[in-house]
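Participant: Okay, so here is protein_18.cif, and as you'll see once you scroll down, it has mmCIF, C-alpha atoms.
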data_query
loop_
_atom_site.label_atom_id
_atom_site.label_comp_id
_atom_site.auth_asym_id
_atom_site.auth_seq_id
_atom_site.Cartn_x
_atom_site.Cartn_y
_atom_site.Cartn_z
CA ARG A 1 154.15 19.76 64.40
CA VAL A 2 153.64 16.15 65.48
CA SER A 3 156.32 16.54 68.08
CA PHE A 4 154.65 19.65 69.48
CA MET A 5 151.25 17.92 69.87
CA ASN A 6 152.85 14.93 71.54
CA ASN A 7 154.47 17.23 74.06
CA GLN A 8 151.13 18.84 74.97
CA LYS A 9 148.89 15.77 75.27
CA PRO A 10 150.36 14.07 78.32
CA GLN A 11 150.45 17.27 80.41
CA LYS A 12 146.73 18.03 80.53
CA PRO A 13 145.33 14.70 81.72
CA THR A 14 148.20 14.12 84.12
CA LEU A 15 147.80 17.52 85.77
CA SER A 16 143.96 17.54 86.00
CA GLY A 17 143.82 13.91 87.07
CA GLN A 18 146.28 14.48 89.86
CA ARG A 19 144.35 17.53 91.14
CA PHE A 20 141.05 15.60 91.04
CA LYS A 21 142.44 12.71 93.10
CA THR A 22 143.84 15.05 95.75
CA ARG A 23 140.55 16.88 96.08
CA LYS A 24 138.56 13.69 96.54
CA ARG A 25 140.93 12.44 99.22
CA ASP A 26 140.76 15.73 101.12
CA GLU A 27 136.97 15.74 100.86
CA LYS A 28 136.71 12.27 102.34
CA GLU A 29 138.83 13.20 105.35
CA ARG A 30 137.24 16.59 105.83
CA PHE A 31 133.62 15.45 105.62
CA ASP A 32 133.82 12.68 108.18
CA PRO A 33 131.28 13.34 111.01
CA THR A 34 132.90 10.88 113.40
CA GLN A 35 136.29 12.46 112.97
CA PHE A 36 134.75 15.95 113.40
CA GLN A 37 133.02 14.91 116.63
CA ASP A 38 136.17 13.26 117.99
CA CYS A 39 138.23 16.38 117.28
CA ILE A 40 135.75 18.67 119.06
CA ILE A 41 135.27 16.37 122.07
CA GLN A 42 139.01 15.78 122.44
CA GLY A 43 139.65 19.53 122.35
CA LEU A 44 136.92 20.26 124.90
CA THR A 45 138.23 17.52 127.20
CA GLU A 46 141.70 19.07 127.05
CA THR A 47 140.40 22.59 127.85
CA GLY A 48 138.37 21.34 130.82
CA THR A 49 135.72 23.59 132.36
CA ASP A 50 137.63 26.83 131.71
CA LEU A 51 135.11 28.44 129.38
CA GLU A 52 137.52 31.12 128.19
CA ALA A 53 139.83 28.32 127.04
CA VAL A 54 136.83 26.61 125.42
CA ALA A 55 136.02 29.79 123.47
CA LYS A 56 139.65 30.08 122.28
CA PHE A 57 139.73 26.41 121.25
CA LEU A 58 136.50 26.79 119.23
CA ASP A 59 137.79 29.96 117.61
CA ALA A 60 141.02 28.27 116.48
CA SER A 61 139.32 25.03 115.40
CA GLY A 62 137.06 26.88 112.95
CA ALA A 63 140.06 27.40 110.69
CA LYS A 64 140.77 23.65 110.54
CA LEU A 65 137.36 21.98 110.89
CA ASP A 66 134.27 22.41 108.71
CA TYR A 67 131.87 24.23 111.02
CA ARG A 68 129.64 25.13 108.09
CA ARG A 69 128.90 21.49 107.25
CA TYR A 70 128.78 20.21 110.82
CA ALA A 71 127.06 23.08 112.65
CA GLU A 72 124.40 20.76 114.08
CA THR A 73 127.01 18.31 115.40
CA LEU A 74 129.03 21.17 116.89
CA PHE A 75 126.05 22.66 118.75
CA ASP A 76 124.78 19.24 119.88
CA ILE A 77 128.14 18.66 121.55
CA LEU A 78 128.30 22.11 123.16
CA VAL A 79 124.78 21.78 124.59
CA ALA A 80 124.38 18.05 125.31
CA GLY A 81 127.94 16.71 125.29
CA GLY A 82 127.53 14.57 122.16
CA MET A 83 125.44 14.03 119.05
CA LEU A 84 121.72 13.80 119.75
CA ALA A 85 119.51 11.09 118.32
CA PRO A 86 115.91 11.96 117.30
CA GLY A 87 113.91 12.72 120.44
CA GLY A 88 116.83 14.23 122.32
CA THR A 89 118.73 11.19 123.65
CA LEU A 90 122.50 10.81 123.36
CA ALA A 91 123.54 7.89 121.17
CA ASP A 92 125.13 5.18 123.40
CA ASP A 93 127.92 4.30 120.99
CA MET A 94 129.12 7.89 120.66
CA THR A 95 131.92 9.54 122.60
CA ARG A 96 130.81 12.45 124.77
CA THR A 97 132.15 15.27 126.91
CA ASN A 98 131.16 16.82 130.23
CA VAL A 99 132.23 20.25 128.98
CA CYS A 100 128.71 21.20 127.87
CA VAL A 101 125.60 23.07 129.01
CA PHE A 102 123.77 19.99 130.25
CA ALA A 103 126.66 18.87 132.48
CA ALA A 104 127.24 22.36 133.93
CA GLN A 105 125.92 23.81 137.17
CA GLU A 106 122.28 24.89 137.12
CA ASP A 107 122.61 28.58 137.88
CA LEU A 108 122.29 31.86 136.01
CA GLU A 109 125.95 32.84 136.33
CA THR A 110 127.16 29.60 134.71
CA MET A 111 124.64 29.96 131.87
CA GLN A 112 125.76 33.56 131.32
CA ALA A 113 129.32 32.26 130.91
CA PHE A 114 128.15 29.62 128.40
CA ALA A 115 126.18 32.31 126.54
CA GLN A 116 129.47 34.16 126.05
CA VAL A 117 131.00 31.05 124.46
CA PHE A 118 128.15 30.93 121.91
CA ASN A 119 128.29 34.69 121.34
CA LYS A 120 132.03 34.68 120.60
CA LEU A 121 131.76 31.65 118.33
CA ILE A 122 128.89 33.08 116.27
CA ARG A 123 130.47 36.54 116.07
CA ARG A 124 133.65 34.93 114.78
CA TYR A 125 131.87 32.66 112.30
CA LYS A 126 128.78 34.60 111.19
CA TYR A 127 127.60 31.79 108.92
CA LEU A 128 126.77 29.78 112.08
CA GLU A 129 123.84 32.11 112.95
CA LYS A 130 121.25 30.21 110.93
CA GLY A 131 122.59 26.82 112.04
CA PHE A 132 122.41 27.86 115.69
CA GLU A 133 118.86 29.13 115.32
CA ASP A 134 117.84 25.81 113.72
CA GLU A 135 119.62 23.95 116.52
CA VAL A 136 117.71 25.77 119.27
CA LYS A 137 114.39 25.19 117.48
CA LYS A 138 115.24 21.48 117.37
CA LEU A 139 116.31 21.39 121.02
CA LEU A 140 113.01 22.96 122.06
CA LEU A 141 111.13 20.25 120.22
CA PHE A 142 113.26 17.64 122.05
CA LEU A 143 112.46 19.04 125.53
CA LYS A 144 110.61 15.92 126.68
CA GLY A 145 113.77 13.89 126.06
CA PHE A 146 115.78 15.99 128.53
CA SER A 147 115.79 15.90 132.33
CA GLU A 148 114.16 18.74 134.27
CA SER A 149 117.58 20.13 135.20
CA GLU A 150 118.71 20.03 131.55
CA ARG A 151 115.53 21.84 130.49
CA ASN A 152 116.10 24.49 133.16
CA LYS A 153 119.66 25.13 131.98
CA LEU A 154 118.57 25.32 128.34
CA ALA A 155 115.75 27.71 129.28
CA MET A 156 118.11 30.05 131.16
CA LEU A 157 120.64 29.97 128.32
CA THR A 158 117.96 30.64 125.70
CA GLY A 159 116.59 33.60 127.70
CA ILE A 160 120.08 35.14 127.93
CA LEU A 161 120.73 34.64 124.21
CA LEU A 162 117.35 36.19 123.36
CA ALA A 163 118.22 39.17 125.56
CA ASN A 164 121.57 39.84 123.90
CA GLY A 165 120.22 39.37 120.37
CA THR A 166 122.11 36.17 119.49
CA LEU A 167 118.72 34.48 119.02
CA ASN A 168 115.52 35.77 117.43
CA ALA A 169 112.24 35.41 119.34
CA SER A 170 110.77 33.43 116.42
CA ILE A 171 112.48 30.32 117.88
CA LEU A 172 109.73 30.31 120.52
CA ASN A 173 107.38 28.89 117.88
CA SER A 174 108.78 25.47 118.78
CA LEU A 175 107.22 25.78 122.24
CA TYR A 176 103.75 25.72 120.67
CA ASN A 177 104.23 22.06 119.76
CA GLU A 178 100.99 20.29 120.75
CA ASN A 179 102.62 17.56 122.86
CA LEU A 180 104.84 19.98 124.76
CA VAL A 181 101.88 22.26 125.49
CA LYS A 182 99.57 19.41 126.50
CA GLU A 183 102.03 18.00 129.06
CA GLY A 184 102.83 21.40 130.60
CA VAL A 185 106.46 21.32 129.40
CA SER A 186 106.14 24.52 127.35
CA ALA A 187 104.75 26.64 130.20
CA ALA A 188 107.32 25.38 132.73
CA PHE A 189 110.16 26.02 130.27
CA ALA A 190 108.79 29.51 129.51
CA VAL A 191 108.94 30.45 133.20
CA LYS A 192 112.72 29.86 133.39
CA LEU A 193 113.28 31.39 129.96
CA PHE A 194 111.40 34.64 130.66
CA LYS A 195 112.96 34.99 134.10
CA SER A 196 116.48 34.98 132.65
CA TRP A 197 115.41 37.16 129.67
CA ILE A 198 113.82 39.81 131.92
CA ASN A 199 116.78 39.56 134.31
CA GLU A 200 119.13 40.51 131.44
CA LYS A 201 116.88 43.26 130.02
CA ASP A 202 113.36 44.22 131.18
CA ILE A 203 109.75 43.52 130.22
CA ASN A 204 109.72 46.43 127.72
CA ALA A 205 112.66 44.99 125.78
CA VAL A 206 110.99 41.56 125.82
CA ALA A 207 107.76 43.14 124.52
CA VAL A 208 109.62 44.80 121.61
CA SER A 209 111.27 41.50 120.62
CA LEU A 210 107.96 39.62 120.75
CA ARG A 211 106.17 42.30 118.76
CA LYS A 212 108.76 42.19 115.98
CA VAL A 213 107.93 38.55 115.25
CA ASN A 214 104.16 38.90 115.88
CA MET A 215 104.27 36.80 119.04
CA ASP A 216 103.06 39.46 121.46
CA ASN A 217 99.51 38.07 121.31
CA ARG A 218 100.38 34.36 121.27
CA LEU A 219 101.76 33.72 124.74
CA MET A 220 98.52 32.18 126.01
CA GLU A 221 99.09 29.37 123.47
CA LEU A 222 101.67 27.99 125.92
CA PHE A 223 98.63 26.42 127.59
CA PRO A 224 96.07 23.94 126.21
CA ALA A 225 92.96 25.48 124.59
CA ASN A 226 90.79 24.95 127.71
CA LYS A 227 93.26 26.97 129.80
CA GLN A 228 93.92 29.83 127.39
CA SER A 229 92.49 32.64 129.50
CA VAL A 230 94.05 35.79 130.92
CA GLU A 231 93.08 34.64 134.42
CA HIS A 232 94.86 31.28 134.11
CA PHE A 233 97.95 32.80 132.48
CA SER A 234 98.12 35.56 135.08
CA LYS A 235 97.77 33.17 138.02
CA TYR A 236 100.38 30.71 136.67
CA PHE A 237 103.08 33.26 135.90
CA THR A 238 102.40 35.51 138.90
CA GLU A 239 102.81 32.52 141.23
CA ALA A 240 106.05 31.70 139.40
CA GLY A 241 107.39 35.20 140.18
CA LEU A 242 106.70 36.78 136.78
CA LYS A 243 104.05 39.36 137.63
CA GLU A 244 105.36 41.77 134.98
CA LEU A 245 104.79 39.16 132.26
CA SER A 246 101.25 38.54 133.58
CA GLU A 247 100.48 42.25 133.46
CA TYR A 248 101.96 42.52 129.97
CA VAL A 249 99.71 39.72 128.64
CA ARG A 250 96.68 41.21 130.40
CA ASN A 251 97.42 44.56 128.77
CA GLN A 252 97.90 42.94 125.34
CA GLN A 253 94.59 41.17 125.71
CA SER A 254 92.93 44.45 126.64
CA ILE A 255 94.44 46.19 123.59
CA GLY A 256 93.12 43.41 121.37
CA ALA A 257 89.67 43.64 122.94
CA ARG A 258 89.61 47.43 122.46
CA LYS A 259 90.53 47.09 118.78
CA GLU A 260 87.79 44.52 118.27
CA LEU A 261 85.30 46.77 120.08
CA GLN A 262 86.13 49.75 117.86
CA LYS A 263 85.90 47.65 114.69
CA GLU A 264 82.48 46.25 115.68
CA LEU A 265 81.24 49.69 116.75
CA GLN A 266 82.09 51.18 113.37
CA GLU A 267 80.29 48.35 111.61
CA GLN A 268 77.19 48.82 113.82
CA MET A 269 77.19 52.56 113.13
CA SER A 270 77.57 52.07 109.38
CA ARG A 271 74.59 49.66 109.44
CA GLY A 272 72.58 52.20 111.42
CA ASP A 273 71.88 49.84 114.34
CA PRO A 274 69.64 51.31 117.09
CA PHE A 275 71.56 53.04 119.89
CA LYS A 276 69.96 50.82 122.53
CA ASP A 277 71.45 47.74 120.82
CA ILE A 278 74.88 49.39 120.49
CA ILE A 279 74.84 50.49 124.14
CA LEU A 280 73.91 46.98 125.29
CA TYR A 281 76.72 45.44 123.20
CA VAL A 282 79.32 47.92 124.50
CA LYS A 283 78.34 47.37 128.14
CA GLU A 284 78.65 43.60 127.71
CA GLU A 285 82.13 44.03 126.19
CA MET A 286 83.15 46.36 129.02
CA LYS A 287 82.17 43.75 131.58
CA LYS A 288 83.66 40.80 129.69
CA ASN A 289 87.03 42.44 129.00
CA ASN A 290 87.25 44.72 132.04
CA ILE A 291 87.32 47.90 129.92
CA SER A 292 86.81 51.18 131.79
CA GLU A 293 84.21 53.79 130.89
CA GLN A 294 87.02 56.29 130.20
CA THR A 295 88.49 53.94 127.59
CA VAL A 296 85.08 53.26 126.04
CA VAL A 297 84.21 56.93 125.64
CA THR A 298 87.43 57.54 123.68
CA ILE A 299 86.66 54.53 121.45
CA ILE A 300 83.12 55.81 120.79
CA TRP A 301 84.41 59.32 120.02
CA SER A 302 87.00 57.93 117.54
CA SER A 303 84.38 55.68 115.93
CA VAL A 304 81.84 58.50 115.61
CA MET A 305 84.38 60.87 114.04
CA SER A 306 85.68 58.24 111.59
CA THR A 307 82.28 57.51 110.04
CA VAL A 308 82.14 60.85 108.15
CA GLU A 309 83.98 62.37 105.19
CA TRP A 310 84.60 65.83 106.63
CA ASN A 311 84.29 69.02 104.57
CA LYS A 312 87.64 70.63 103.81
CA LYS A 313 86.28 74.15 104.30
CA GLU A 314 86.63 75.47 107.84
CA GLU A 315 83.45 77.54 107.69
CA LEU A 316 81.37 74.49 106.73
CA VAL A 317 82.95 71.78 108.87
CA ALA A 318 81.70 73.21 112.18
CA GLU A 319 78.10 73.08 110.98
CA GLN A 320 78.62 69.55 109.64
CA ALA A 321 80.22 68.43 112.94
CA ILE A 322 77.41 69.83 115.11
CA LYS A 323 74.75 68.13 113.00
CA HIS A 324 76.65 64.79 113.11
CA LEU A 325 77.51 64.90 116.83
CA LYS A 326 73.99 65.91 117.81
CA GLN A 327 72.80 62.67 116.26
CA TYR A 328 75.31 60.59 118.29
CA SER A 329 75.12 62.51 121.58
CA PRO A 330 72.75 59.93 123.22
CA LEU A 331 75.36 57.23 122.59
CA LEU A 332 78.15 59.32 124.14
CA ALA A 333 75.91 60.35 127.05
CA ALA A 334 75.41 56.66 127.97
CA PHE A 335 79.16 56.39 128.71
CA THR A 336 79.85 59.68 130.48
CA THR A 337 78.25 58.78 133.81
CA GLN A 338 81.46 59.70 135.70
CA GLY A 339 83.23 63.04 135.94
CA GLN A 340 86.50 61.43 134.87
CA SER A 341 84.84 60.06 131.72
CA GLU A 342 83.57 63.54 130.84
CA LEU A 343 87.04 65.01 131.34
CA THR A 344 88.54 62.24 129.20
CA LEU A 345 86.09 63.08 126.41
CA LEU A 346 86.94 66.79 126.67
CA LEU A 347 90.64 66.01 126.26
CA LYS A 348 89.90 63.80 123.23
CA ILE A 349 87.87 66.61 121.65
CA GLN A 350 90.72 69.07 122.27
CA GLU A 351 93.24 66.63 120.80
CA TYR A 352 91.06 65.97 117.75
CA CYS A 353 90.41 69.66 117.03
CA TYR A 354 94.12 70.41 117.31
CA ASP A 355 95.18 67.52 115.06
CA ASN A 356 92.54 68.39 112.42
CA ILE A 357 93.18 72.00 111.52
CA HIS A 358 89.67 72.61 110.08
CA PHE A 359 88.19 71.87 113.52
CA MET A 360 90.23 74.46 115.44
CA LYS A 361 87.34 76.95 115.56
CA ALA A 362 84.70 74.26 116.20
CA PHE A 363 85.94 73.25 119.68
CA GLN A 364 83.69 75.57 121.69
CA LYS A 365 80.62 74.76 119.59
CA ILE A 366 81.12 71.01 120.20
CA VAL A 367 81.52 71.50 123.97
CA VAL A 368 78.36 73.66 124.17
CA LEU A 369 76.42 71.08 122.12
CA PHE A 370 77.49 68.30 124.51
CA TYR A 371 76.60 70.44 127.50
CA LYS A 372 73.10 70.99 126.12
CA ALA A 373 72.77 67.27 125.31
CA GLU A 374 73.89 66.33 128.86
CA VAL A 375 76.98 64.52 127.61
CA LEU A 376 79.16 66.99 129.55
CA SER A 377 78.38 68.75 132.81
CA GLU A 378 79.53 71.97 134.44
CA GLU A 379 82.19 70.67 136.85
CA PRO A 380 84.41 68.77 134.35
CA ILE A 381 84.26 71.70 131.91
CA LEU A 382 85.40 74.13 134.62
CA LYS A 383 88.13 71.72 135.73
CA TRP A 384 89.32 71.34 132.14
CA TYR A 385 89.44 75.13 131.77
CA LYS A 386 91.26 75.72 135.04
CA ASP A 387 94.07 73.16 135.02
CA ALA A 388 93.19 69.85 133.33
CA HIS A 389 93.48 70.89 129.65
CA LEU A 390 96.26 69.76 127.33
CA ALA A 391 99.05 72.14 126.31
CA ILE A 392 98.33 71.68 122.58
CA GLY A 393 96.36 74.62 121.17
CA GLU A 394 95.92 75.85 124.73
CA SER A 395 95.65 79.60 124.03
CA VAL A 396 93.21 79.14 121.13
CA PHE A 397 90.86 76.78 122.95
CA LEU A 398 90.90 78.66 126.27
CA GLU A 399 90.09 81.90 124.46
CA GLN A 400 87.17 80.18 122.68
CA MET A 401 85.83 78.85 126.00
CA LYS A 402 86.32 82.05 128.03
CA LYS A 403 82.80 83.50 127.69
CA PHE A 404 81.07 80.16 128.11
CA VAL A 405 83.09 79.38 131.25
CA GLU A 406 82.19 82.81 132.68
CA TRP A 407 78.56 82.08 131.91
CA LEU A 408 78.82 78.67 133.66
CA LYS A 409 80.25 80.30 136.77
CA ASN A 410 77.50 82.93 136.92
CA ALA A 411 74.51 80.98 135.60
CA GLU A 412 71.68 80.30 138.02
CA GLU A 413 68.70 79.60 135.80
CA GLY A 414 70.28 76.82 133.75
CA ASN A 415 68.58 76.03 130.44
CA GLN A 416 66.90 79.40 129.97
CA GLN A 417 70.17 81.29 130.30
CA LEU A 418 72.00 78.70 128.18
CA SER A 419 69.47 79.19 125.39
CA SER A 420 70.03 82.93 125.43
CA TYR A 421 73.84 82.38 125.56
CA VAL A 422 73.80 80.05 122.55
CA ALA A 423 71.55 82.36 120.62
#
Is it possible to give me this structure as structure tokens?
Facilitator:
Amino acid sequence: RVSFMNNQKPQKPTLSGQRFKTRKRDEKERFDPTQFQDCIIQGLTETGTDLEAVAKFLDASGAKLDYRRYAETLFDILVAGGMLAPGGTLADDMTRTNVCVFAAQEDLETMQAFAQVFNKLIRRYKYLEKGFEDEVKKLLLFLKGFSESERNKLAMLTGILLANGTLNASILNSLYNENLVKEGVSAAFAVKLFKSWINEKDINAVAVSLRKVNMDNRLMELFPANKQSVEHFSKYFTEAGLKELSEYVRNQQSIGARKELQKELQEQMSRGDPFKDIILYVKEEMKKNNISEQTVVTIIWSSVMSTVEWNKKEELVAEQAIKHLKQYSPLLAAFTTQGQSELTLLLKIQEYCYDNIHFMKAFQKIVVLFYKAEVLSEEPILKWYKDAHLAIGESVFLEQMKKFVEWLKNAEEGNQQLSSYVA
């Protein structure tokens, strides 16, 4: 028994101790940033400017070098040619390479080729996605430390990578850094970035990406607070050749203004504010935000119809609707001063009655009410009936309106005949 125990004791410590020493030695060699940098730079120097060879070298090196631990070093080298010190300068005592984004030609084709290098690398080593995103956020914060040409190249590359999905639009948050915005660096960088992004895709794809990360309404923050207006943004980017981006921001601003208008309108209605005050407020908002009367009349209609809990019984809802709309007809009449506005309202009524099944039979009654209240006039109603109506519920609504339209065509004594028709 003693002999057996003696045989077992020396084996355990010897074996585990030997394994521990080997692991520590490997760790020391593997986790050496200087050695990692030297290996990458030497490999890039040997491949030269052949970017396909660069991509193959990086692919093969991932099996030998610890990309996971040194992602920042790797991307610093590929972008700037060496490790970056805080602020964006290259450390003087470090080796560097000219096979990098900053040393390349400043044109879209070259940046597209570099984008492929990053795409292949990140597809091959998926764990680098987060590290690359962090790297780009950092590079954007370092923009002031780079030359104008280096910023232009980085902007083009970033736009391409945003277009192909390698980067998420949330990285643009770095551009809202106060110092970058104040000195005009953010806006100038954004011009190059959006040009290459739109060149790869289109403004609609850009809009979708921005919306996903809730940045579709933040683009004006690229300018200091005293310049955050649609006019300034539009002028700056239109002159830079990005008219589609200017129009997109103008449209976004208009959507935001319309939502605010509807919200305020509903609050004013729920408080029971006088119509003259509501009309004055709406007209000021129209002027301030360049909102058309056609848009306003649809907002008022939606607001009016959303303030009521409608009866679920079809035979009662028409009576309820007439009573409610009669009350608000002066408000609607104030914003149907143009034939096109009247036609727009008619189409909204048709759409609403179709979408809300209990209102299907109320359509004609609503139109007649608005005719009597001078919200709608003869010509737009006849135009709607003839060829301007929507296809939805067409047969039902045209049948409802048939007798009234015939009366409109033949009427000569106006209100007296209308009274007898309604009766």
Participant: Can you list, as number ranges by chain, the residues that the PyMOL selection byres ((chain A and resi 75) around 10) selects here?
Facilitator: A: 67, 70-74, 76-84, 100, 118, 128, 131-132, 135-136
Participant: Just checking: using all atoms listed in the file, which residue out of A:Pro86, A:Pro224, A:Pro380, A:Gly393 ends up closest to Asn177 of chain A?
Facilitator: A:Pro224
Participant: Atom CA of Leu108 of chain A to atom CA of Val206 of chain A: how many Å, to one decimal?
Facilitator: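 About the pair atom CA of Leu108 of chain A and atom CA of Val206 of chain A: they are 18.0 Å apart.
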Participant: Determine the residue membership of the PyMOL selection byres ((chain A and resi 394-396) around 10) for the file above and supply it as a PyMOL selection string.
Facilitator: chain A and resi 350+354+360-361+363+385+389-393+397-401
Participant: Please evaluate the PyMOL selection byres ((chain A and resi 327) around 12) against the displayed coordinates and give the resulting residues as a list in words.
Facilitator: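 Written out, the selection comes to Met269, Gly272, Pro274, Phe275, Val304, Met305, Gln320, Ala321, Ile322, Lys323, His324, Leu325, Lys326, Tyr328, Ser329, Pro330, Leu331, Leu332, Ala333, Leu369, Phe370 and Ala373 of chain A.
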Participant: Just checking: using only C-alpha atoms, which residue out of A:Met111, A:Leu139, A:Leu261, A:Val181 ends up closest to Ile160 of chain A?
Facilitator: A:Met111
Participant: Go ahead and compute the interatomic distance for atom CA of Val249 of chain A and atom CA of His232 of chain A, in Å to one decimal.
Facilitator: 11.2 Å
Participant: Write out as a PyMOL selection string each polymer residue whose atoms come within 9 Å of Ile171 of chain A, counting all atoms listed in the file; drop sequence neighbours fewer than 4 positions from it.
Facilitator: chain A and resi 133-134+136-137+140+167+175
Participant: Would you please work out which residue, of A:Ile366, A:Val208, A:Leu242, A:Ile291, is nearest to Tyr352 of chain A when using all atoms listed in the file?
Facilitator: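 Counting all atoms listed in the file, the residue closest to Tyr352 of chain A is A:Ile366.
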Participant: Any idea what the distance is between atom CA of Tyr281 of chain A and atom CA of Gln253 of chain A?
Facilitator: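 Interatomic distance, atom CA of Tyr281 of chain A to atom CA of Gln253 of chain A: 18.5 Å.
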Participant: I'd like the contact shell of Ser229 of chain A - 12 Å cut-off, all atoms listed in the file, skipping same-chain residues fewer than 2 positions apart - returned as a ChimeraX atom specification.
Facilitator: /A:218-227,231-236,246,249-250,253,289
Participant: Draw an axis-aligned box tight on the listed atoms of segment 322-336 of chain A, then pad every side by 8 Å and write out centre and edge lengths in Å to one decimal as lines of an AutoDock Vina configuration file.
Facilitator:
center_x = 76.3
center_y = 63.1
center_z = 121.7
size_x = 23.1
size_y = 29.4
size_z = 33.5
Participant: Quick one: residues within 12 Å of Gly241 of chain A, all atoms listed in the file counted, chain neighbours fewer than 2 positions away excluded, as an mmCIF file with C-alpha atoms, keeping the file's coordinate frame?
Facilitator:
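Contents of selection29.cif, as written:
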data_model
loop_
_atom_site.group_PDB
_atom_site.id
_atom_site.type_symbol
_atom_site.label_atom_id
_atom_site.label_comp_id
_atom_site.auth_asym_id
_atom_site.auth_seq_id
_atom_site.Cartn_x
_atom_site.Cartn_y
_atom_site.Cartn_z
ATOM 1 C CA VAL A 191 108.940 30.450 133.200
ATOM 2 C CA LYS A 192 112.720 29.860 133.390
ATOM 3 C CA PHE A 194 111.400 34.640 130.660
ATOM 4 C CA LYS A 195 112.960 34.990 134.100
ATOM 5 C CA SER A 196 116.480 34.980 132.650
ATOM 6 C CA ILE A 198 113.820 39.810 131.920
ATOM 7 C CA ASN A 199 116.780 39.560 134.310
ATOM 8 C CA SER A 234 98.120 35.560 135.080
ATOM 9 C CA LYS A 235 97.770 33.170 138.020
ATOM 10 C CA TYR A 236 100.380 30.710 136.670
ATOM 11 C CA PHE A 237 103.080 33.260 135.900
ATOM 12 C CA THR A 238 102.400 35.510 138.900
ATOM 13 C CA GLU A 239 102.810 32.520 141.230
ATOM 14 C CA LYS A 243 104.050 39.360 137.630
ATOM 15 C CA GLU A 244 105.360 41.770 134.980
ATOM 16 C CA LEU A 245 104.790 39.160 132.260
ATOM 17 C CA SER A 246 101.250 38.540 133.580
ATOM 18 C CA GLU A 247 100.480 42.250 133.460
#
Participant: I want to know what sits within 10 Å of segment 285-288 of chain A, based on all atoms listed in the file, with residues of the same chain fewer than 4 positions away left out; could you give that as a list in words?
Facilitator: Ala257, Arg258, Glu260, Leu261, Ile279, Leu280, Tyr281, Ser292, Glu293, Thr295 and Val296 of chain A
Participant: Which residues, protein or nucleic acid, reach to within 10 Å of (107.2, 41.8, 125.0) in the file's coordinates when using only C-alpha atoms, and can you give that as a CSV table (one decimal) with C-alpha atoms, keeping the file's coordinate frame?
Facilitator:
chain,number,residue,atom,x,y,z
A,169,ALA,CA,112.2,35.4,119.3
A,198,ILE,CA,113.8,39.8,131.9
A,202,ASP,CA,113.4,44.2,131.2
A,203,ILE,CA,109.8,43.5,130.2
A,204,ASN,CA,109.7,46.4,127.7
A,205,ALA,CA,112.7,45.0,125.8
A,206,VAL,CA,111.0,41.6,125.8
A,207,ALA,CA,107.8,43.1,124.5
A,208,VAL,CA,109.6,44.8,121.6
A,209,SER,CA,111.3,41.5,120.6
A,210,LEU,CA,108.0,39.6,120.8
A,211,ARG,CA,106.2,42.3,118.8
A,212,LYS,CA,108.8,42.2,116.0
A,215,MET,CA,104.3,36.8,119.0
A,216,ASP,CA,103.1,39.5,121.5
A,217,ASN,CA,99.5,38.1,121.3
A,219,LEU,CA,101.8,33.7,124.7
A,245,LEU,CA,104.8,39.2,132.3
A,248,TYR,CA,102.0,42.5,130.0
A,249,VAL,CA,99.7,39.7,128.6
A,252,GLN,CA,97.9,42.9,125.3
Participant: Please provide as an mmCIF file with C-alpha atoms, in the coordinates of the input all residues within 12 Å of His358 of chain A, with the sequence filter that same-chain residues fewer than 4 positions apart are discarded (counting all atoms listed in the file).
Facilitator:
data_model
loop_
_atom_site.group_PDB
_atom_site.id
_atom_site.type_symbol
_atom_site.label_atom_id
_atom_site.label_comp_id
_atom_site.auth_asym_id
_atom_site.auth_seq_id
_atom_site.Cartn_x
_atom_site.Cartn_y
_atom_site.Cartn_z
ATOM 1 C CA TRP A 310 84.600 65.830 106.630
ATOM 2 C CA ASN A 311 84.290 69.020 104.570
ATOM 3 C CA LYS A 312 87.640 70.630 103.810
ATOM 4 C CA LYS A 313 86.280 74.150 104.300
ATOM 5 C CA GLU A 314 86.630 75.470 107.840
ATOM 6 C CA GLU A 315 83.450 77.540 107.690
ATOM 7 C CA LEU A 316 81.370 74.490 106.730
ATOM 8 C CA VAL A 317 82.950 71.780 108.870
ATOM 9 C CA ALA A 318 81.700 73.210 112.180
ATOM 10 C CA GLU A 319 78.100 73.080 110.980
ATOM 11 C CA GLN A 320 78.620 69.550 109.640
ATOM 12 C CA ALA A 321 80.220 68.430 112.940
ATOM 13 C CA TYR A 352 91.060 65.970 117.750
ATOM 14 C CA CYS A 353 90.410 69.660 117.030
ATOM 15 C CA TYR A 354 94.120 70.410 117.310
ATOM 16 C CA ALA A 362 84.700 74.260 116.200
ATOM 17 C CA PHE A 363 85.940 73.250 119.680
#
Participant: Which protein, DNA or RNA residues have an atom at most 12 Å from (128.5, 28.6, 130.2), counting all atoms listed in the file? List them as a ChimeraX atom specification.
Facilitator: /A:49-55,78-79,99-120,153-154,156-158,160-161
Participant: Point out the residue among A:Ala85, A:Ile381, A:Leu265, A:Leu343 with the least atom-to-atom distance to Thr307 of chain A, counting all atoms listed in the file.
Facilitator: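 Result for the nearest residue to Thr307 of chain A: A:Leu265.
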